[in-house]
Every structure is written in structure tokens, then in C-alpha cells.
$ cat run.pdb   # PDB, C-alpha atoms, pLDDT in the B column
ATOM      1  CA  MET A 771     -12.369  -9.922  16.339  1.00 52.00           C
ATOM      2  CA  GLN A 772      -8.836  -8.514  16.327  1.00 56.00           C
ATOM      3  CA  PHE A 773      -7.401  -5.555  14.446  1.00 55.00           C
ATOM      4  CA  HIS A 774      -3.701  -5.333  13.639  1.00 54.00           C
ATOM      5  CA  THR A 775      -2.503  -1.771  13.077  1.00 52.00           C
ATOM      6  CA  GLY A 776       0.637   0.330  13.052  1.00 56.00           C
ATOM      7  CA  ARG A 777       1.555   2.904  15.649  1.00 50.00           C
ATOM      8  CA  LEU A 778       1.125   6.219  13.835  1.00 57.00           C
ATOM      9  CA  ILE A 779      -1.645   6.030  11.256  1.00 64.00           C
ATOM     10  CA  ASP A 780      -5.141   4.839  12.129  1.00 59.00           C
ATOM     11  CA  HIS A 781      -6.179   4.563   8.490  1.00 72.00           C
ATOM     12  CA  VAL A 782      -5.766   6.055   5.030  1.00 86.00           C
ATOM     13  CA  HIS A 783      -8.919   6.484   2.939  1.00 84.00           C
ATOM     14  CA  LEU A 784      -8.644   6.571  -0.858  1.00 89.00           C
ATOM     15  CA  ARG A 785     -11.503   7.243  -3.261  1.00 86.00           C
ATOM     16  CA  ALA A 786     -11.250   5.210  -6.491  1.00 89.00           C
ATOM     17  CA  ARG A 787     -12.760   5.950  -9.891  1.00 87.00           C
ATOM     18  CA  ASN A 788     -12.920   2.218 -10.607  1.00 90.00           C
ATOM     19  CA  VAL A 789     -12.939   0.154  -7.403  1.00 92.00           C
ATOM     20  CA  ALA A 790     -12.432  -3.147  -9.257  1.00 95.00           C
ATOM     21  CA  ALA A 791      -9.302  -1.894 -11.070  1.00 95.00           C
ATOM     22  CA  THR A 792      -7.953  -0.301  -7.906  1.00 94.00           C
ATOM     23  CA  ARG A 793      -8.616  -3.462  -5.864  1.00 96.00           C
ATOM     24  CA  HIS A 794      -6.849  -5.551  -8.545  1.00 97.00           C
ATOM     25  CA  PHE A 795      -3.820  -3.226  -8.340  1.00 96.00           C
ATOM     26  CA  TYR A 796      -3.514  -3.273  -4.531  1.00 96.00           C
ATOM     27  CA  GLU A 797      -4.405  -6.948  -4.153  1.00 95.00           C
ATOM     28  CA  ASN A 798      -1.623  -7.994  -6.527  1.00 96.00           C
ATOM     29  CA  ALA A 799       1.018  -5.426  -5.582  1.00 95.00           C
ATOM     30  CA  LEU A 800       0.601  -5.921  -1.817  1.00 94.00           C
ATOM     31  CA  ALA A 801       0.500  -9.723  -2.092  1.00 95.00           C
ATOM     32  CA  VAL A 802       4.248  -9.467  -2.745  1.00 95.00           C
ATOM     33  CA  LEU A 803       4.606  -7.789   0.656  1.00 93.00           C
ATOM     34  CA  GLY A 804       2.522 -10.535   2.292  1.00 92.00           C
ATOM     35  CA  ILE A 805      -0.373  -8.154   2.991  1.00 92.00           C
ATOM     36  CA  PRO A 806      -3.811  -9.476   1.942  1.00 93.00           C
ATOM     37  CA  ILE A 807      -7.159  -7.727   1.632  1.00 94.00           C
ATOM     38  CA  THR A 808      -8.609  -7.918   5.144  1.00 90.00           C
ATOM     39  CA  ALA A 809     -12.225  -6.954   4.384  1.00 91.00           C
ATOM     40  CA  ARG A 810     -14.362  -6.200   1.339  1.00 93.00           C
ATOM     41  CA  GLY A 811     -17.890  -5.363   0.374  1.00 92.00           C
ATOM     42  CA  GLU A 812     -19.912  -3.881  -2.451  1.00 92.00           C
ATOM     43  CA  GLY A 813     -17.907  -0.898  -3.710  1.00 91.00           C
ATOM     44  CA  TRP A 814     -15.142  -0.974  -1.069  1.00 92.00           C
ATOM     45  CA  PHE A 815     -12.208  -2.954   0.341  1.00 95.00           C
ATOM     46  CA  GLN A 816      -9.725  -2.679   3.186  1.00 92.00           C
ATOM     47  CA  ILE A 817      -6.102  -3.743   3.600  1.00 91.00           C
ATOM     48  CA  ASP A 818      -4.919  -3.167   7.167  1.00 86.00           C
ATOM     49  CA  GLU A 819      -5.037   0.645   7.608  1.00 84.00           C
ATOM     50  CA  LEU A 820      -5.852   1.313   3.944  1.00 90.00           C
ATOM     51  CA  PHE A 821      -9.568   1.778   3.163  1.00 89.00           C
ATOM     52  CA  VAL A 822     -10.693   2.294  -0.444  1.00 92.00           C
ATOM     53  CA  ASP A 823     -14.194   2.956  -1.731  1.00 89.00           C
ATOM     54  CA  GLY A 824     -15.861   4.194  -4.892  1.00 89.00           C
ATOM     55  CA  LEU A 825     -15.759   7.793  -5.976  1.00 81.00           C
ATOM     56  CA  ASP A 826     -18.865   9.666  -7.000  1.00 78.00           C
ATOM     57  CA  ALA A 827     -18.589  10.130 -10.789  1.00 74.00           C
ATOM     58  CA  ARG A 828     -18.737  13.931 -10.410  1.00 77.00           C
ATOM     59  CA  ALA A 829     -15.935  14.148  -7.832  1.00 72.00           C
ATOM     60  CA  THR A 830     -12.192  14.395  -8.384  1.00 69.00           C
ATOM     61  CA  PRO A 831     -10.018  11.855  -6.570  1.00 67.00           C
ATOM     62  CA  SER A 832      -7.461  13.189  -4.119  1.00 70.00           C
ATOM     63  CA  HIS A 833      -3.871  12.225  -4.733  1.00 82.00           C
ATOM     64  CA  VAL A 834      -1.672  11.024  -1.913  1.00 88.00           C
ATOM     65  CA  HIS A 835       1.692   9.380  -1.368  1.00 87.00           C
ATOM     66  CA  LEU A 836       1.631   6.019   0.448  1.00 89.00           C
ATOM     67  CA  ALA A 837       4.792   4.162   1.434  1.00 89.00           C
ATOM     68  CA  PHE A 838       4.605   0.457   2.278  1.00 90.00           C
ATOM     69  CA  GLN A 839       7.375  -1.333   4.169  1.00 88.00           C
ATOM     70  CA  ALA A 840       9.293  -4.105   2.426  1.00 90.00           C
ATOM     71  CA  LYS A 841      11.425  -6.730   4.182  1.00 90.00           C
ATOM     72  CA  ASP A 842      14.373  -6.443   1.765  1.00 94.00           C
ATOM     73  CA  ARG A 843      15.529  -5.045  -1.590  1.00 97.00           C
ATOM     74  CA  GLU A 844      14.291  -8.079  -3.499  1.00 98.00           C
ATOM     75  CA  THR A 845      10.789  -7.470  -2.164  1.00 96.00           C
ATOM     76  CA  VAL A 846      10.924  -3.842  -3.357  1.00 96.00           C
ATOM     77  CA  ASP A 847      11.894  -5.135  -6.818  1.00 98.00           C
ATOM     78  CA  ALA A 848       9.092  -7.730  -6.779  1.00 97.00           C
ATOM     79  CA  PHE A 849       6.545  -5.132  -5.626  1.00 96.00           C
ATOM     80  CA  TYR A 850       7.519  -2.841  -8.503  1.00 98.00           C
ATOM     81  CA  SER A 851       7.096  -5.633 -11.039  1.00 98.00           C
ATOM     82  CA  ALA A 852       3.772  -6.815  -9.581  1.00 97.00           C
ATOM     83  CA  ALA A 853       2.422  -3.256  -9.385  1.00 97.00           C
ATOM     84  CA  LEU A 854       3.230  -2.580 -13.042  1.00 98.00           C
ATOM     85  CA  LYS A 855       1.666  -5.887 -14.112  1.00 98.00           C
ATOM     86  CA  ALA A 856      -1.453  -5.029 -12.089  1.00 97.00           C
ATOM     87  CA  GLY A 857      -2.042  -1.739 -13.904  1.00 96.00           C
ATOM     88  CA  GLY A 858       0.329   0.652 -12.159  1.00 96.00           C
ATOM     89  CA  THR A 859       2.482   3.219 -13.965  1.00 96.00           C
ATOM     90  CA  ASP A 860       6.211   3.684 -13.381  1.00 97.00           C
ATOM     91  CA  ASN A 861       7.047   6.687 -11.201  1.00 95.00           C
ATOM     92  CA  GLY A 862      10.586   5.691 -10.159  1.00 96.00           C
ATOM     93  CA  ALA A 863      12.283   2.335 -10.684  1.00 98.00           C
ATOM     94  CA  PRO A 864      13.771   0.460  -7.700  1.00 98.00           C
ATOM     95  CA  GLY A 865      17.022   1.905  -6.449  1.00 98.00           C
ATOM     96  CA  GLU A 866      18.825   3.662  -3.624  1.00 97.00           C
ATOM     97  CA  ARG A 867      17.542   7.079  -2.666  1.00 94.00           C
ATOM     98  CA  HIS A 868      19.400   9.928  -0.948  1.00 90.00           C
ATOM     99  CA  TYR A 869      16.964  10.165   2.011  1.00 83.00           C
ATOM    100  CA  HIS A 870      19.276   8.189   4.323  1.00 84.00           C
ATOM    101  CA  PRO A 871      21.912   5.451   3.933  1.00 89.00           C
ATOM    102  CA  GLY A 872      20.273   2.134   3.024  1.00 90.00           C
ATOM    103  CA  TYR A 873      16.998   3.686   1.742  1.00 91.00           C
ATOM    104  CA  TYR A 874      15.985   1.490  -1.208  1.00 96.00           C
ATOM    105  CA  ALA A 875      12.629   2.167  -2.827  1.00 95.00           C
ATOM    106  CA  CYS A 876      10.439   2.181  -5.912  1.00 96.00           C
ATOM    107  CA  PHE A 877       7.478   4.353  -6.892  1.00 94.00           C
ATOM    108  CA  VAL A 878       4.412   3.570  -9.006  1.00 95.00           C
ATOM    109  CA  LEU A 879       1.184   5.414  -9.670  1.00 94.00           C
ATOM    110  CA  ASP A 880      -1.940   3.401  -8.875  1.00 94.00           C
ATOM    111  CA  PRO A 881      -4.954   3.483 -11.269  1.00 93.00           C
ATOM    112  CA  ASP A 882      -6.168   6.722  -9.643  1.00 90.00           C
ATOM    113  CA  GLY A 883      -2.814   8.527  -9.817  1.00 91.00           C
ATOM    114  CA  ASN A 884      -1.752   8.047  -6.185  1.00 92.00           C
ATOM    115  CA  ASN A 885       2.021   7.772  -5.704  1.00 90.00           C
ATOM    116  CA  ILE A 886       2.704   4.369  -4.137  1.00 93.00           C
ATOM    117  CA  GLU A 887       6.104   3.490  -2.719  1.00 92.00           C
ATOM    118  CA  ALA A 888       7.634   0.277  -1.446  1.00 92.00           C
ATOM    119  CA  VAL A 889      10.651   0.949   0.757  1.00 91.00           C
ATOM    120  CA  TYR A 890      13.338  -1.030   2.547  1.00 92.00           C
ATOM    121  CA  HIS A 891      15.234   1.047   5.117  1.00 88.00           C
ATOM    122  CA  GLY A 892      18.174  -1.320   5.387  1.00 89.00           C
ATOM    123  CA  PRO A 893      18.840  -3.909   8.102  1.00 87.00           C
ATOM    124  CA  ASN A 894      16.561  -3.334  11.102  1.00 78.00           C
ATOM    125  CA  THR A 895      14.680  -5.027  13.913  1.00 77.00           C
ATOM    126  CA  ARG A 896      10.965  -4.537  14.625  1.00 73.00           C
ATOM    127  CA  SER A 897       9.713  -4.532  18.201  1.00 78.00           C
ATOM    128  CA  ALA A 898       6.510  -6.295  17.069  1.00 76.00           C
ATOM    129  CA  PRO A 899       4.979  -7.345  13.733  1.00 72.00           C
ATOM    130  CA  SER A 900       1.862  -5.257  14.440  1.00 72.00           C
ATOM    131  CA  VAL A 901      -0.213  -3.729  17.180  1.00 73.00           C
ATOM    132  CA  VAL A 902      -3.136  -5.996  18.144  1.00 75.00           C
ATOM    133  CA  ILE A 903      -6.410  -4.293  19.087  1.00 74.00           C
ATOM    134  CA  GLU A 904      -9.206  -6.371  20.589  1.00 79.00           C
ATOM    135  CA  PRO A 905     -12.481  -4.475  21.140  1.00 79.00           C
ATOM    136  CA  GLY A 906     -13.693  -4.717  24.730  1.00 77.00           C
ATOM    137  CA  ALA A 907     -17.099  -5.765  25.937  1.00 64.00           C
TER     138      ALA A 907
END

$ encode --input "run.pdb" --output "C-alpha cells"
Amino acid sequence: MQFHTGRLIDHVHLRARNVAATRHFYENALAVLGIPITARGEGWFQIDELFVDGLDARATPSHVHLAFQAKDRETVDAFYSAALKAGGTDNGAPGERHYHPGYYACFVLDPDGNNIEAVYHGPNTRSAPSVVIEPGA
């Protein structure tokens, strides 16, 4: 078995009020970015470093900001549209932001109120598509 991860974050864990609605949101919004669900089970799912499971009915979900990388501006636009169609709420339409030249992003709230961003940083080159981890014997 191989794991493909980024270089900074090991994983992000979200607690969802309604796992099915949250899975529907992420499955459809991230499909635009070419990122599929990598594992799932009863009451949970995982997409690369993102792990989501069900929230105890008495608990309050924590709210976080997640930013996903997009390959170009058109992908940011498509992500925004797919996220809204999948149950997300507008939190900032696609457009240039003042963070640095070329920063093009959109923001949506997922079904649990987490602020989800898709961002394109402008023309760039990646050293590798992902980090590959293969557990040893």
C-alpha cells in the first residue's frame, strides 16, 4: 500500500454533523480538482490528508479554513460552481486576491460551516505531484 501526501500537513480531521451530506460536498467539489475519495467506511471518509467522520450529536463542530490547490483559474471557477451545486454556500466568488500577485481564489462554506478555498497561485512548477510513502516491513 502507498500513501501520497504533501510536505507540511500530515492530515486534517473534520467532524461532520451529517457525514453523507459532507461526503457529497467534498466528493463533488474535489472531483473538479482531480482528487477522489481515497478511503471510506461506516461514518467516515478520507481524501488524501483530509479525514472526516461523524460528530456526536451533542458536540459542536470546529470550524477551520482549508485551501486546496487548483491547476489554473478555470479550475478555481469550476470548483466554486461544483461546490455550490453540492450544497456549499458562497463565501467569496472566484477572483484575484491581494495576498500576492497572481493569487486567484474562491471561498465556500461546506455543510458544517468550514471555510473551503480553491486557489491558483499563478504559473508555477511543482517538484513532484506528491510525496509517496510506502510502509516498511

$ resolve_selection --input "run.pdb" --expression "the PyMOL selection byres ((chain A and resi 835) around 6)" --output "list in words"
Val834, Leu836, Asn885 and Ile886 of chain A

$ resolve_selection --input "run.pdb" --expression "the PyMOL selection byres ((chain A and resi 878) around 8)" --output "PDB file with C-alpha atoms, keeping the file's coordinate frame"
ATOM      1  CA  TYR A 850       7.519  -2.841  -8.503  1.00 98.00           C
ATOM      2  CA  ALA A 853       2.422  -3.256  -9.385  1.00 97.00           C
ATOM      3  CA  LEU A 854       3.230  -2.580 -13.042  1.00 98.00           C
ATOM      4  CA  GLY A 858       0.329   0.652 -12.159  1.00 96.00           C
ATOM      5  CA  THR A 859       2.482   3.219 -13.965  1.00 96.00           C
ATOM      6  CA  ASP A 860       6.211   3.684 -13.381  1.00 97.00           C
ATOM      7  CA  ASN A 861       7.047   6.687 -11.201  1.00 95.00           C
ATOM      8  CA  GLY A 862      10.586   5.691 -10.159  1.00 96.00           C
ATOM      9  CA  CYS A 876      10.439   2.181  -5.912  1.00 96.00           C
ATOM     10  CA  PHE A 877       7.478   4.353  -6.892  1.00 94.00           C
ATOM     11  CA  LEU A 879       1.184   5.414  -9.670  1.00 94.00           C
ATOM     12  CA  ASP A 880      -1.940   3.401  -8.875  1.00 94.00           C
ATOM     13  CA  ASN A 885       2.021   7.772  -5.704  1.00 90.00           C
ATOM     14  CA  ILE A 886       2.704   4.369  -4.137  1.00 93.00           C
ATOM     15  CA  GLU A 887       6.104   3.490  -2.719  1.00 92.00           C
TER      16      GLU A 887
END

$ closest_residue --input "run.pdb" --among "A:Gly857, A:Pro905, A:Gly865, A:Pro871" --to "Ala799 in chain A" --atoms "only C-alpha atoms"
A:Gly857

$ axis_aligned_box --input "run.pdb" --around "range 846-865 of chain A" --padding-each-side "8 Å" --output "AutoDock Vina command-line options"
--center_x 7.5 --center_y -0.5 --center_z -8.7 --size_x 35.1 --size_y 30.4 --size_z 26.8

$ residues_around --input "run.pdb" --residues "range 888-896 of chain A" --least-positions-apart "4" --cutoff "7 Å" --atoms "only C-alpha atoms" --output "PyMOL selection string"
chain A and resi 837-843+846+849+872-877

$ closest_residue --input "run.pdb" --among "A:Ser900, A:Asn788, A:Ser832, A:Ser851" --to "Trp814 in chain A" --atoms "all atoms listed in the file"
A:Asn788

$ resolve_selection --input "run.pdb" --expression "the PyMOL selection byres ((chain A and resi 820) around 12)" --output "PyMOL selection string"
chain A and resi 774-776+779-785+793+796-797+800+805-810+814-819+821-823+836-838

$ atom_distance --input "run.pdb" --atom1 "CA of Lys855 in chain A" --atom2 "CA of Ala786 in chain A"
18.7 Å

$ closest_residue --input "run.pdb" --among "A:Asn884, A:Ser897, A:Thr792, A:Asn798" --to "Ala852 in chain A" --atoms "all atoms listed in the file"
A:Asn798

$ atom_distance --input "run.pdb" --atom1 "CA of Ala801 in chain A" --atom2 "CA of Gly824 in chain A"
21.7 Å

$ atom_distance --input "run.pdb" --atom1 "CA of His870 in chain A" --atom2 "CA of Thr845 in chain A"
19.0 Å

$ closest_residue --input "run.pdb" --among "A:Gly804, A:Pro864, A:Gly811, A:Gly883" --to "His833 in chain A" --atoms "all atoms listed in the file"
A:Gly883
